[in-house]
Each structure stands twice: as structure tokens, then as C-alpha cells.
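Remarks on the structure that follows.
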Amino acid sequence: MIQYLPFEKPVEALHRHAATLAAHPEGTAEARMLTERADKLLADTYARLTPWERTLVARHPQRPRFAQLVAGLFTDFLPLSGDRTFGDDQAIIGGFARFEGRKVMVIGHVKGEDTPGRLRHNFGMARPEGYRKAIRLMELADRFGLPVITLVDTPGAFPGVDAEARGQAEAIARSTEACLGLGVPLIAVIIGEGGSGGAVALAAADRVLMFEHAVYSVISPEGCASILWRSAARAADAAEAMRVTAADLLRLGVIHRIVYEPSGGAQRNPAEAIKRLALALRAELGALAALAPAELRSAREGFFLELE
């Protein structure tokens with residue numbers, strides 16, 4: 001059963017009323033009419049979401065995340081573990097896979113599906129060893145000439161003392177550098193939250209794609225509000241000011257493409273969302289396949305470092 005967000009309460013009320021009526025034969029016709037009204041209201045609601053409401057959608061626990069996307073998009077996924085220095089960070093997972101028969105390297109943030117999983121994956125907030133694992137996998141892909149696809153979904157890098165002690169900032173910087181230096185195609189997809197340097201470390205790509213209701217920003221709206229207004233309660237104002245939505249970021253030239261979601265968000269029809277993402281990945285991989293390593297590096301650096 002879908003979990004309704006606060007701004008979806010009118011839609012929830014209509015659906016519940018329709019379900020009650022549908023339980024009785026004489027109420028079938030009215031239930032169908034109410035369901036149609038609810039679906040129209042849902043579509044209208046999602047057509048005018050505020051940036052803060054899109055942030056809530058991006059965080060929805062039932063959105064398709066790393067495991068579901070890997071299962072729906074790829075075959076023969078073989079995860080690879082460890083950074084060969086300290087340990088294995090479960091907030092970032094990656095490995096070899098096939099996309100429509102083509103060998104690729106897939107790397108992404110994992111938030112976890114339930115409470116034990118979220119704790120195990122640290123809510124998708126990676127420590128230095130997570131970014132160093134990503135570097136290792138990207139370099140491995142480069143060595144074997146495999147395109148890299150990253151699935152970005154993190155509120156940001158882990159801010160703990162232990163992460164800072166092991167060189168968090170340096171690891172993020174080197175992961176970003178590794179992205180820019182790849183001689184193979186790199187496609188990043190913002191699937192939920194794209195937070196701060198923790199996201200950029202996997203998203204300095206040839207093509208940055210973004211789900212329609214994902215968000216991408218230098219800091220969370222709550223964090224921004226706490227700094228500017230000394231109150232996380234102004235998160236909605238911060239989200240509006242920061243231009244976190246896919247439409248804003250496409251207009252500003254921060255991303256390359258929006259992957260539009262089914263009505264009511266990807267959480268209502270994950271299979272359709274995955275199908276649409278597959279079409280976008282196929283098109284982008286096809287366009288990048290003809291470019292030489294030097295061309296890829298030059299265009300990537302030009303986009304991110306404004307060298308052109």
C-alpha cells in the first residue's frame with residue numbers, strides 16, 4: 001500500500017472513500033467515479049509541487065532505490081567490496097553488470113529499505129572508504145574500457161568525527177577527480193536526494209540525469225535554513241531559494257536531462273519509472289559511445305570546470 005505524503009491527504013481521503021464504496025456492489029459505479037477524481041487530483045497536485053514538496057517526494061521510502069533499480073535495469077550484477085585500505089563501506093555499493101547485454105560498471109548510494117538496513121547502510125551517507133571504493137571501481141572500469149553508471153541518492157557524506165579523521169574531504173575530492181579523469185563514458189543519475197559533495201563525488205559525469213521529482217543541492221533545505229534563519233522550520237523557504245528541482249537545474253545548466261516519472265511519482269509505479277530510465281540510459285550511452293577518451297575528458301572538464 002502506498003504511503004501518502006502530507007500534501008496528498010485529499011487524494012488519500014478520496015481513495016479511502018472509493019475503497020469503502022467498492023466493497024459493496026451497489027457502490028461500484030460511485031467508487032469508480034471517485035477513483036477517477038482522485039487520480040485527476042493527484043496529477044494536478046504533482047503538476048504544481050513546490051520545491052519542498054518535491055524534496056519530500058525524493059525522500060519517499062517507497063521510491064525505487066539502488067537495489068530495485070539494479071534489479072530492473074541490469075543483469076549479471078557482481079558486487080565488488082572494499083577500498084583495499086581500510087574497509088568496506090555499505091553506503092556505496094558497486095560492481096560489474098550488463099545493461100542490455102553491454103558490460104558496465106554500476107556504482108551507487110544505498111539508503112536501506114528498513115531500520116536494520118538503514119543502519120547497516122548508514123542512510124546512504126558514505127565514509128571515506130566508500131568514496132575510495134568508488135575510485136577503485138571507476139579505475140577498474142577505465143582499465144577494461146567499461147562505461148560507468150552511478151545512481152546517486154544521499155543526503156550527503158557522513159559528517160562524523162571518525163570520517164573526518166580518515167580524510168573525508170580528501171576522499172570526496174579524489175573521487176570527483178577520478179570522475180573527471182575517466183576515459184570511458186560516465187553517466188550519473190540523481191534518483192532521490194543529491195546532497196552536497198557526497199553526491200558530486202559520483203556525479204561529475206559526461207551526462208547528469210535526474211528523476212523528475214529528485215532534488216540536487218549543495219546542502220539539505222533543513223541545513224540551509226538552520227544556517228540562514230537559525231531554524232530548520234524554514235526548510236521550505238530554503239528549498240525554494242536554492243533551486244533544488246530538476247526543472248530549475250536543467251534551466252541553470254547543472255544537469256543534462258530530466259527523466260520524467262509516472263503520475264504521482266516513481267513510488268506509485270516503479271516499473272514504469274525504471275523503463276523510462278532505461279530508455280534514457282540507452283540513448284545517452286549510444287551518444288557517448290563514439291567519443292574518444294580525450295574527447296570525453298575534455299567535454300567533462302569543460303562542463304564542470306568551465307574551461308571552454
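Chain identifiers are assigned as A, B, and so on, following the order in which chains appear in the C-alpha cells; residues are numbered from 1 within each chain, and ligands are numbered from 1 in order of appearance.
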
Neighbour list for Thr176 (chain A) as a ChimeraX atom specification, cut-off 9 Å, only C-alpha atoms, skip fewer than 3 positions in-chain: /A:135,171-173,179-181,197,200-204

Set the distance at 12 Å and use only C-alpha atoms: which residues neighbour region 5-9 of chain A once local chain neighbours fewer than 5 positions away are removed? I'd like the list as a list in words.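 After dropping sequence-adjacent residues, the list is Leu14, His15, Arg16, Ala38, Asp39, Leu41, Leu42, Ala43, Asp44, Thr45, Tyr46, Arg48, Leu49, Thr50, Trp52, Glu53, Arg54, Thr55, Leu56, Val57, Ala58, Arg59, His60, Pro61, Gln62, Gly264, Gly265 and Gln267 of chain A.
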
Mind dumping a table of every region 1-65 of chain A residue within 12 Å of region 273-292 of chain A, with the nearest atom pair and its distance in Å to one decimal, using only C-alpha atoms, sorted by chain and rising number, as JSON lines?
{"residue": "A:Arg63", "atom": "CA", "partner": "A:Ala273", "partner_atom": "CA", "distance": 9.6}
{"residue": "A:Pro64", "atom": "CA", "partner": "A:Ile274", "partner_atom": "CA", "distance": 8.1}
{"residue": "A:Arg65", "atom": "CA", "partner": "A:Ile274", "partner_atom": "CA", "distance": 10.1}

DSSP on the backbone: which residues in region 110-291 of chain A end up as strand (DSSP E)? Give the answer as a ChimeraX atom specification. /A:148-154,186-195,207-211,215-217,257-259

Just list the residues in region 83-232 of chain A DSSP gives helix (DSSP H, G or I) on the backbone, as number ranges by chain. A: 115-120, 122-124, 128-144, 161-165, 168-181, 196-203, 221-228, 232

Counting only C-alpha atoms, which residue out of A:Trp229, A:Tyr216, A:Phe211, A:Phe303 sits closest to Glu261 (chain A)?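 Using only C-alpha atoms, the shortest distance to Glu261 (chain A) belongs to A:Phe211.
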
Do you have the CA of Ala126 (chain A)-CA of Val161 (chain A) distance handy? 13.0 Å

Taking only C-alpha atoms into account, name the residue in A:Val152, A:Ala205, A:Val70, A:Val184 that is nearest to Glu295 (chain A).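 Residue with the minimum atom-to-atom distance to Glu295 (chain A): A:Val184.
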
Residue neighbourhood Leu137 (chain A), 9 Å, only C-alpha atoms, exclusion window fewer than 5 positions, as a ChimeraX atom specification: /A:80,83,94-96,105-107,132,142

Could you give me, as a Markdown table, every region 179-244 of chain A residue with an atom at most 7 Å from region 143-150 of chain A, plus its closest atom pair and distance in Å to one decimal, counting only C-alpha atoms, rows ordered by chain then number?
| residue | atom | partner | partner_atom | distance |
| --- | --- | --- | --- | --- |
| A:Val184 | CA | A:Pro147 | CA | 5.4 |
| A:Pro185 | CA | A:Pro147 | CA | 4.9 |
| A:Leu186 | CA | A:Val148 | CA | 4.7 |
| A:Ile187 | CA | A:Ile149 | CA | 4.9 |
| A:Ala188 | CA | A:Thr150 | CA | 4.7 |
| A:Val189 | CA | A:Thr150 | CA | 6.1 |
| A:Leu202 | CA | A:Thr150 | CA | 6.3 |

What does the structure give for the distance between CA of Met242 (chain A) and CA of Pro221 (chain A), in Å to one decimal?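 Pair CA of Met242 (chain A) / CA of Pro221 (chain A) returns 8.0 Å.
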
How far is it from CA of Arg174 (chain A) to CA of Ile255 (chain A), in Å with one decimal?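 CA of Arg174 (chain A) sits 21.3 Å away from CA of Ile255 (chain A).
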
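Within the 10 Å cut-off around Val218 (chain A), using only C-alpha atoms and omitting residues fewer than 3 positions from it on the same chain, the listed residues are A:Pro155, A:Gly156, A:Gly194, A:Gly195, A:Ser196, A:Gly197, A:Gly198, A:Ala199, A:Val200, A:Pro221, A:Gly223, A:Cys224, A:Met242, A:Val244.
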
Go ahead and save the picked residues with N, CA, C and O atoms, as a PDB file, in the first residue's frame.
ATOM      1  N   PRO A 155      21.788  12.047   1.377  1.00  0.00           N
ATOM      2  CA  PRO A 155      21.627  13.379   1.958  1.00  0.00           C
ATOM      3  C   PRO A 155      22.959  14.116   2.065  1.00  0.00           C
ATOM      4  O   PRO A 155      22.991  15.320   2.295  1.00  0.00           O
ATOM      5  N   GLY A 156      24.064  13.387   1.897  1.00  0.00           N
ATOM      6  CA  GLY A 156      25.397  13.970   1.974  1.00  0.00           C
ATOM      7  C   GLY A 156      26.373  12.962   2.546  1.00  0.00           C
ATOM      8  O   GLY A 156      25.995  11.877   2.978  1.00  0.00           O
ATOM      9  N   GLY A 194      20.255  14.289  -3.997  1.00  0.00           N
ATOM     10  CA  GLY A 194      21.647  14.504  -4.378  1.00  0.00           C
ATOM     11  C   GLY A 194      22.199  15.566  -3.464  1.00  0.00           C
ATOM     12  O   GLY A 194      22.030  16.757  -3.709  1.00  0.00           O
ATOM     13  N   GLY A 195      22.825  15.156  -2.386  1.00  0.00           N
ATOM     14  CA  GLY A 195      23.224  16.098  -1.358  1.00  0.00           C
ATOM     15  C   GLY A 195      24.705  16.387  -1.314  1.00  0.00           C
ATOM     16  O   GLY A 195      25.516  15.485  -1.082  1.00  0.00           O
ATOM     17  N   SER A 196      25.092  17.619  -1.569  1.00  0.00           N
ATOM     18  CA  SER A 196      26.411  18.158  -1.292  1.00  0.00           C
ATOM     19  C   SER A 196      27.519  17.395  -2.029  1.00  0.00           C
ATOM     20  O   SER A 196      27.302  16.767  -3.056  1.00  0.00           O
ATOM     21  N   GLY A 197      28.747  17.490  -1.486  1.00  0.00           N
ATOM     22  CA  GLY A 197      29.886  16.827  -2.115  1.00  0.00           C
ATOM     23  C   GLY A 197      29.750  15.325  -2.139  1.00  0.00           C
ATOM     24  O   GLY A 197      30.347  14.656  -2.987  1.00  0.00           O
ATOM     25  N   GLY A 198      28.959  14.781  -1.219  1.00  0.00           N
ATOM     26  CA  GLY A 198      28.724  13.341  -1.213  1.00  0.00           C
ATOM     27  C   GLY A 198      28.061  12.860  -2.483  1.00  0.00           C
ATOM     28  O   GLY A 198      28.248  11.713  -2.898  1.00  0.00           O
ATOM     29  N   ALA A 199      27.280  13.739  -3.126  1.00  0.00           N
ATOM     30  CA  ALA A 199      26.657  13.404  -4.406  1.00  0.00           C
ATOM     31  C   ALA A 199      27.583  13.714  -5.566  1.00  0.00           C
ATOM     32  O   ALA A 199      27.743  12.900  -6.484  1.00  0.00           O
ATOM     33  N   VAL A 200      28.220  14.889  -5.528  1.00  0.00           N
ATOM     34  CA  VAL A 200      29.098  15.302  -6.627  1.00  0.00           C
ATOM     35  C   VAL A 200      30.229  14.302  -6.832  1.00  0.00           C
ATOM     36  O   VAL A 200      30.689  14.089  -7.956  1.00  0.00           O
ATOM     37  N   PRO A 221      17.769  21.338   2.565  1.00  0.00           N
ATOM     38  CA  PRO A 221      16.983  22.521   2.921  1.00  0.00           C
ATOM     39  C   PRO A 221      16.979  22.805   4.416  1.00  0.00           C
ATOM     40  O   PRO A 221      17.049  23.966   4.837  1.00  0.00           O
ATOM     41  N   GLY A 223      19.372  22.049   6.546  1.00  0.00           N
ATOM     42  CA  GLY A 223      20.688  22.576   6.900  1.00  0.00           C
ATOM     43  C   GLY A 223      20.847  24.024   6.499  1.00  0.00           C
ATOM     44  O   GLY A 223      21.379  24.855   7.254  1.00  0.00           O
ATOM     45  N   CYS A 224      20.373  24.348   5.299  1.00  0.00           N
ATOM     46  CA  CYS A 224      20.442  25.729   4.818  1.00  0.00           C
ATOM     47  C   CYS A 224      19.617  26.652   5.720  1.00  0.00           C
ATOM     48  O   CYS A 224      20.060  27.747   6.092  1.00  0.00           O
ATOM     49  N   MET A 242      17.058  27.732  -3.031  1.00  0.00           N
ATOM     50  CA  MET A 242      18.235  27.021  -3.523  1.00  0.00           C
ATOM     51  C   MET A 242      18.071  26.434  -4.924  1.00  0.00           C
ATOM     52  O   MET A 242      19.048  25.968  -5.511  1.00  0.00           O
ATOM     53  N   VAL A 244      16.387  23.582  -6.059  1.00  0.00           N
ATOM     54  CA  VAL A 244      16.809  22.187  -5.928  1.00  0.00           C
ATOM     55  C   VAL A 244      16.142  21.243  -6.919  1.00  0.00           C
ATOM     56  O   VAL A 244      16.524  20.075  -7.016  1.00  0.00           O
TER      57      VAL A 244
END

All residues 9 Å or closer to Glu222 (chain A), only C-alpha atoms, same chain fewer than 6 positions away omitted, as a JSON list (two decimals) with C-alpha atoms, in the first residue's frame:
[["chain", "number", "residue", "atom", "x", "y", "z"],
["A", 231, "SER", "CA", 15.62, 27.36, 12.31],
["A", 232, "ALA", "CA", 15.09, 24.16, 10.35],
["A", 233, "ALA", "CA", 11.39, 25.06, 10.31],
["A", 234, "ARG", "CA", 12.14, 27.36, 7.36],
["A", 235, "ALA", "CA", 13.25, 24.42, 5.19],
["A", 236, "ALA", "CA", 10.51, 25.13, 2.65],
["A", 238, "ALA", "CA", 15.37, 27.31, 1.77],
["A", 239, "ALA", "CA", 14.28, 24.74, -0.82]]

Determine, counting only C-alpha atoms, which protein, DNA and RNA residues have an atom within 7 Å of an atom of Ala246 (chain A); residues of the same chain fewer than 6 positions away are not included. Present the result as a list of chain:residue names.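 These residues fall inside the cut-off: A:Met210, A:Glu212, A:His213, A:Ala214, A:Val215, A:Ile258.
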